[in-house]
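As stored in start14.cif (mmCIF, C-alpha atoms):
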```cif
data_input
#
loop_
_atom_site.label_atom_id
_atom_site.label_comp_id
_atom_site.auth_asym_id
_atom_site.auth_seq_id
_atom_site.Cartn_x
_atom_site.Cartn_y
_atom_site.Cartn_z
CA GLN I 20 -64.81 12.58 23.58
CA LYS I 21 -61.23 13.43 22.73
CA GLU I 22 -59.70 15.99 25.05
CA VAL I 23 -56.59 18.09 24.73
CA GLU I 24 -55.71 19.90 27.91
CA GLN I 25 -53.48 22.90 28.36
CA ASN I 26 -52.93 25.23 31.27
CA SER I 27 -54.50 28.50 30.18
CA GLY I 28 -51.83 30.56 31.94
CA PRO I 29 -50.68 33.16 31.59
CA LEU I 30 -47.17 31.85 31.77
CA SER I 31 -44.85 34.76 32.41
CA VAL I 32 -41.13 34.46 31.73
CA PRO I 33 -38.34 37.01 31.49
CA GLU I 34 -36.69 37.73 28.18
CA GLY I 35 -33.93 35.23 27.46
CA ALA I 36 -35.41 32.49 29.64
CA ILE I 37 -36.77 29.11 28.56
CA ALA I 38 -40.55 28.92 28.29
CA SER I 39 -42.05 25.46 28.81
CA LEU I 40 -45.55 24.81 27.53
CA ASN I 41 -47.35 21.55 28.25
CA CYS I 42 -50.21 19.63 26.72
CA THR I 43 -51.88 16.34 27.61
CA TYR I 44 -54.30 14.39 25.46
CA SER I 45 -56.83 11.71 26.22
CA ASP I 46 -56.93 9.61 23.04
CA ARG I 47 -54.23 6.94 22.97
CA GLY I 48 -54.80 6.61 19.24
CA SER I 49 -53.38 10.08 18.64
CA GLN I 50 -50.52 9.94 16.16
CA SER I 51 -49.71 13.49 15.11
CA PHE I 52 -49.09 16.47 17.34
CA PHE I 53 -48.89 20.12 16.44
CA TRP I 54 -48.01 23.37 18.12
CA TYR I 55 -49.50 26.59 16.78
CA ARG I 56 -48.85 30.16 17.81
CA GLN I 57 -51.81 32.56 17.78
CA TYR I 58 -51.38 36.26 18.35
CA SER I 59 -54.41 38.06 19.74
CA GLY I 60 -57.03 38.53 17.05
CA LYS I 61 -54.97 36.67 14.47
CA SER I 62 -55.04 33.24 12.90
CA PRO I 63 -53.04 30.23 14.12
CA GLU I 64 -49.60 29.72 12.67
CA LEU I 65 -47.92 26.30 12.74
CA ILE I 66 -44.65 26.26 14.66
CA MET I 67 -43.83 22.58 15.02
CA PHE I 68 -45.23 19.13 14.41
CA ILE I 69 -44.02 15.87 15.88
CA TYR I 70 -44.98 12.27 15.24
CA SER I 71 -42.39 10.19 17.08
CA ASN I 72 -41.51 9.89 20.75
CA GLY I 73 -38.61 12.05 21.80
CA ASP I 74 -37.45 15.52 20.96
CA LYS I 75 -37.62 17.51 17.76
CA GLU I 76 -35.72 20.76 17.48
CA ASP I 77 -36.23 23.66 15.09
CA GLY I 78 -34.28 26.78 15.88
CA ARG I 79 -35.28 28.06 19.32
CA PHE I 80 -38.18 25.62 19.52
CA THR I 81 -38.12 22.03 20.78
CA ALA I 82 -41.14 19.78 20.80
CA GLN I 83 -41.10 16.80 23.14
CA LEU I 84 -43.45 13.84 22.83
CA ASN I 85 -44.10 11.04 25.29
CA LYS I 86 -46.89 8.82 24.00
CA ALA I 87 -46.81 6.53 27.03
CA SER I 88 -47.61 9.49 29.27
CA GLN I 89 -49.84 11.12 26.61
CA TYR I 90 -47.90 14.30 26.95
CA VAL I 91 -46.42 16.74 24.49
CA SER I 92 -44.51 19.89 25.33
CA LEU I 93 -42.97 22.88 23.61
CA LEU I 94 -39.81 24.54 24.84
CA ILE I 95 -38.91 28.00 23.64
CA ARG I 96 -35.30 28.92 24.31
CA ASP I 97 -34.06 32.50 24.57
CA SER I 98 -37.62 33.77 24.80
CA GLN I 99 -38.28 37.13 23.16
CA PRO I 100 -41.11 39.62 23.79
CA SER I 101 -42.28 38.81 20.25
CA ASP I 102 -42.96 35.25 21.45
CA SER I 103 -45.78 36.60 23.61
CA ALA I 104 -48.87 34.88 22.22
CA THR I 105 -51.23 32.00 22.86
CA TYR I 106 -49.79 28.59 22.02
CA LEU I 107 -52.22 25.97 20.82
CA CYS I 108 -51.64 22.25 21.00
CA ALA I 109 -53.48 20.10 18.46
CA VAL I 110 -53.58 16.34 17.88
CA ASN I 111 -55.06 13.99 15.34
CA ASN I 112 -55.15 10.25 14.71
CA GLY I 113 -53.52 10.25 11.32
CA PRO I 114 -51.82 8.53 9.61
CA GLY I 115 -53.98 5.44 9.83
CA GLY I 116 -56.88 7.24 11.43
CA SER I 117 -58.90 10.41 11.24
CA TYR I 118 -56.99 13.57 10.46
CA ILE I 119 -59.59 15.74 12.16
CA PRO I 120 -57.56 17.80 14.63
CA THR I 121 -58.57 18.39 18.22
CA PHE I 122 -57.23 21.62 19.66
CA GLY I 123 -56.52 22.61 23.22
CA ARG I 124 -57.66 25.95 24.58
CA GLY I 125 -54.13 27.27 24.44
CA THR I 126 -51.61 28.65 26.91
CA SER I 127 -51.01 32.36 27.03
CA LEU I 128 -47.31 33.20 27.16
CA ILE I 129 -46.00 36.59 28.23
CA VAL I 130 -42.32 37.34 27.78
CA HIS I 131 -41.39 40.47 29.66
CA PRO I 132 -38.26 42.53 28.94
CA GLU N 19 -45.08 35.21 -0.15
CA PRO N 20 -48.34 33.48 -1.12
CA GLU N 21 -51.06 33.63 1.49
CA VAL N 22 -54.62 32.57 2.08
CA THR N 23 -57.08 35.43 1.86
CA GLN N 24 -60.60 35.64 3.25
CA THR N 25 -63.49 37.99 2.64
CA PRO N 26 -65.19 39.71 4.27
CA SER N 27 -63.09 40.38 7.34
CA HIS N 28 -66.24 41.09 9.35
CA GLN N 29 -69.86 40.15 8.70
CA VAL N 30 -72.91 41.05 10.73
CA THR N 31 -76.15 39.24 9.95
CA GLN N 32 -79.57 38.64 11.36
CA MET N 33 -80.50 35.28 12.80
CA GLY N 34 -82.02 33.04 10.14
CA GLN N 35 -80.18 34.71 7.27
CA GLU N 36 -77.81 32.92 4.94
CA VAL N 37 -74.16 33.92 4.85
CA ILE N 38 -71.37 32.96 2.50
CA LEU N 39 -67.79 33.24 3.66
CA ARG N 40 -65.18 33.34 0.96
CA CYS N 41 -61.61 32.15 0.85
CA VAL N 42 -58.91 32.16 -1.76
CA PRO N 43 -56.44 29.40 -0.89
CA ILE N 44 -52.80 29.45 -1.93
CA SER N 45 -52.83 28.81 -5.66
CA ASN N 46 -51.03 25.48 -5.91
CA HIS N 47 -52.57 23.99 -2.78
CA LEU N 48 -54.92 21.05 -3.14
CA TYR N 49 -56.46 20.63 0.29
CA PHE N 50 -58.78 23.15 1.87
CA TYR N 51 -60.23 23.46 5.35
CA TRP N 52 -62.65 25.50 7.43
CA TYR N 53 -62.30 26.02 11.17
CA ARG N 54 -64.14 28.20 13.60
CA GLN N 55 -63.19 29.75 16.91
CA ILE N 56 -65.85 31.11 19.21
CA LEU N 57 -64.49 34.03 21.20
CA GLY N 58 -62.32 32.74 24.03
CA GLN N 59 -62.84 29.14 22.99
CA LYS N 60 -60.88 26.44 21.20
CA VAL N 61 -60.27 26.30 17.50
CA GLU N 62 -62.70 23.72 16.09
CA PHE N 63 -62.36 21.82 12.83
CA LEU N 64 -65.38 22.02 10.55
CA VAL N 65 -64.51 20.37 7.24
CA SER N 66 -61.74 19.36 4.88
CA PHE N 67 -62.11 19.37 1.10
CA TYR N 68 -60.09 17.72 -1.63
CA ASN N 69 -60.67 16.98 -5.28
CA ASN N 70 -64.02 18.77 -5.22
CA GLU N 71 -65.47 16.77 -2.40
CA ILE N 72 -65.56 16.71 1.36
CA SER N 73 -62.81 14.53 2.86
CA GLU N 74 -63.81 14.75 6.49
CA LYS N 75 -66.26 16.76 8.52
CA SER N 76 -66.86 17.23 12.21
CA GLU N 77 -70.10 16.92 14.16
CA ILE N 78 -70.42 20.69 14.03
CA PHE N 79 -70.69 20.61 10.23
CA ASP N 80 -74.37 19.73 10.04
CA ASP N 81 -76.91 20.25 7.28
CA GLN N 82 -76.92 24.01 7.67
CA PHE N 83 -73.32 24.16 6.47
CA SER N 84 -72.04 23.55 2.98
CA VAL N 85 -68.80 24.13 1.14
CA GLU N 86 -68.11 24.71 -2.49
CA ARG N 87 -65.25 25.44 -4.84
CA PRO N 88 -67.19 27.32 -7.49
CA ASP N 89 -64.18 28.09 -9.64
CA GLY N 90 -60.47 27.49 -9.72
CA SER N 91 -59.63 29.95 -7.00
CA ASN N 92 -62.44 30.42 -4.48
CA PHE N 93 -63.49 28.14 -1.64
CA THR N 94 -66.69 29.07 0.16
CA LEU N 95 -68.50 28.18 3.34
CA LYS N 96 -72.24 28.72 3.35
CA ILE N 97 -74.33 28.82 6.48
CA ARG N 98 -77.95 28.50 5.39
CA SER N 99 -79.88 29.76 8.39
CA THR N 100 -77.62 31.39 10.91
CA LYS N 101 -78.11 30.98 14.63
CA LEU N 102 -76.81 33.15 17.45
CA GLU N 103 -74.33 30.43 18.35
CA ASP N 104 -72.77 30.62 14.90
CA SER N 105 -71.11 33.85 15.96
CA ALA N 106 -67.40 33.11 15.78
CA MET N 107 -64.21 33.69 13.84
CA TYR N 108 -64.12 31.44 10.80
CA PHE N 109 -60.72 30.48 9.47
CA CYS N 110 -59.98 29.00 6.08
CA ALA N 111 -56.76 27.05 5.62
CA SER N 112 -55.04 25.27 2.78
CA SER N 113 -52.21 22.81 2.39
CA LEU N 114 -50.19 21.58 -0.54
CA GLY N 115 -50.50 17.94 0.32
CA GLY N 116 -52.60 15.98 2.75
CA VAL N 117 -53.66 17.00 6.21
CA GLU N 118 -50.33 15.91 7.60
CA GLU N 119 -48.70 18.77 5.78
CA THR N 120 -48.49 22.33 7.01
CA GLN N 121 -51.80 24.12 6.86
CA TYR N 122 -51.65 27.83 6.15
CA PHE N 123 -54.45 29.78 7.77
CA GLY N 124 -56.17 32.85 6.39
CA PRO N 125 -56.79 35.91 8.57
CA GLY N 126 -60.34 34.87 9.36
CA THR N 127 -63.85 36.27 9.00
CA ARG N 128 -65.50 37.46 12.18
CA LEU N 129 -69.19 36.58 11.97
CA LEU N 130 -71.68 38.16 14.32
CA VAL N 131 -75.25 36.88 14.31
CA LEU N 132 -77.79 39.18 15.92
#
```
Hey, can you dump this file as structure tokens for me?
Amino acid sequence: QKEVEQNSGPLSVPEGAIASLNCTYSDRGSQSFFWYRQYSGKSPELIMFIYSNGDKEDGRFTAQLNKASQYVSLLIRDSQPSDSATYLCAVNNGPGGSYIPTFGRGTSLIVHP
Amino acid sequence: EPEVTQTPSHQVTQMGQEVILRCVPISNHLYFYWYRQILGQKVEFLVSFYNNEISEKSEIFDDQFSVERPDGSNFTLKIRSTKLEDSAMYFCASSLGGVEETQYFGPGTRLLVL
């Protein structure tokens, strides 16, 4: 059974701070890693994906992947109240394996002014 | 900006009834997906669909579920005989290319089985 674990939170950070969200996964065959943002009552929205070990930056967001430790994280710099949402980590075994994604339960982030 | 649409937004049904959830993917997208999210739970993959056939399906997608692309625009999920535990938010998504490409989610249909 593939597992994707996230601390449910809430993680509370002040506006302007760096929010650090973490995710661990059980399947060593996982190849692709995704971070989604989900506002309450809304659908998931893809923020970042990462395939290779190391860091990937996109604007205020940085995804970090460490396959040896089976760990992926999302850093949000200069956090804004509008970043308050649940952040979902998802993994799959593609390319080369199944693309069926396994999601974590999500971490609730609260950015307070 | 193009978006995935879903109808209805809410559906209430009696246990044992059939429901059809409808989705209109983004027009030039080729890959279509259904997910569900039970309240307070994880998002769960149900099925992916490409070239008029199922590409992959999860263990949840058993014989009571089926998908269809009846015309050039709609993508439907049918649940033949609903159970109480089918109550969830059902999300449709589409992507231009394969599953490794960005999937755009619709707003969801909230299904309540009584």
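Here CA of Lys60 (chain N) stands at a distance of 10.0 Å from CA of Val23 (chain I).
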Do a neighbour search on region 65-73 of chain N at 10 Å with only C-alpha atoms, toss out local chain neighbours closer than 2 positions, and write the hits as a PyMOL selection string.
-> (chain I and resi 118-119) or (chain N and resi 47-53+62-63+75-79+83-88+93+95+110-112+115-117)
Check which residues satisfy the PyMOL selection byres ((chain I) within 9 of (chain N)) in the file shown, then give them as a list in words.
->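 When the PyMOL selection byres ((chain I) within 9 of (chain N)) is applied, the selected residues are Ser51, Gly60, Lys61, Ser62, Pro63, Glu64, Leu65, Phe68, Leu107, Gly113, Pro114, Ser117, Tyr118, Ile119, Pro120, Thr121, Phe122, Gly123, Arg124 and Gly125 of chain I.
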Non-local contacts of region 82-96 of chain I (9 Å; all atoms listed in the file; under 4 positions in same chain excluded) as a ChimeraX atom specification | /I:35-47,49-50,52-54,67-78,102,108
Hey, can you check how far CA of Ile44 (chain N) sits from CA of Thr25 (chain N)?
-> 14.4 Å
Could you expand the PyMOL selection byres ((chain N and resi 31-35) around 9) into the explicit residues it covers here, written as a tab-separated table (two decimals) with C-alpha atoms, keeping the file's coordinate frame?
```tsv
chain	number	residue	atom	x	y	z
N	29	GLN	CA	-69.86	40.15	8.70
N	30	VAL	CA	-72.91	41.05	10.73
N	36	GLU	CA	-77.81	32.92	4.94
N	37	VAL	CA	-74.16	33.92	4.85
N	97	ILE	CA	-74.33	28.82	6.48
N	98	ARG	CA	-77.95	28.50	5.39
N	99	SER	CA	-79.88	29.76	8.39
N	100	THR	CA	-77.62	31.39	10.91
N	101	LYS	CA	-78.11	30.98	14.63
N	102	LEU	CA	-76.81	33.15	17.45
N	129	LEU	CA	-69.19	36.58	11.97
N	130	LEU	CA	-71.68	38.16	14.32
N	131	VAL	CA	-75.25	36.88	14.31
N	132	LEU	CA	-77.79	39.18	15.92
```
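Of note, CA of Leu30 (chain I) and CA of Ala106 (chain N) are spaced 25.8 Å apart.
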Kindly provide, as a list in words, the polymer residues lying within 10 Å of (-50.8, 33.6, 32.1), counting all atoms listed in the file and using the coordinates exactly as they appear in the file.
->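 The residues that fall inside the cut-off are Asn26, Ser27, Gly28, Pro29, Leu30, Ser31, Val32, Thr105, Thr126, Ser127, Leu128 and Ile129 of chain I.
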Expected answer as a PyMOL selection string: all residues with atoms within 6 Å of (-56.1, 32.4, 2.4), all atoms listed in the file | chain N and resi 21-24+41-43+124
Write out the residues from the selection above, keeping C-alpha atoms, as a PDB file, in the coordinates of the input.
```
ATOM      1  CA  GLU N  21     -51.060  33.630   1.490  1.00  0.00           C
ATOM      2  CA  VAL N  22     -54.620  32.570   2.080  1.00  0.00           C
ATOM      3  CA  THR N  23     -57.080  35.430   1.860  1.00  0.00           C
ATOM      4  CA  GLN N  24     -60.600  35.640   3.250  1.00  0.00           C
ATOM      5  CA  CYS N  41     -61.610  32.150   0.850  1.00  0.00           C
ATOM      6  CA  VAL N  42     -58.910  32.160  -1.760  1.00  0.00           C
ATOM      7  CA  PRO N  43     -56.440  29.400  -0.890  1.00  0.00           C
ATOM      8  CA  GLY N 124     -56.170  32.850   6.390  1.00  0.00           C
TER       9      GLY N 124
END
```
Box for region 104-107 of chain N: with edges along x, y and z, all listed atoms inside and 5 Å added on each side, what are the centre and edge lengths in Å to one decimal, as AutoDock Vina command-line options?
```
--center_x -68.5 --center_y 32.2 --center_z 14.9 --size_x 18.6 --size_y 13.2 --size_z 12.1
```
Of the candidates N:Leu39, N:Asn46, N:Pro20, N:Arg54, which shows the shortest atom-to-atom distance to Asp104 (chain N), using only C-alpha atoms?
->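 Smallest distance to Asp104 (chain N) is found for N:Arg54.
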Option closest in space to Gln25 (chain I), from I:Gly48, I:Tyr106, I:Ser59, I:Pro100 [counting only C-alpha atoms] | I:Tyr106
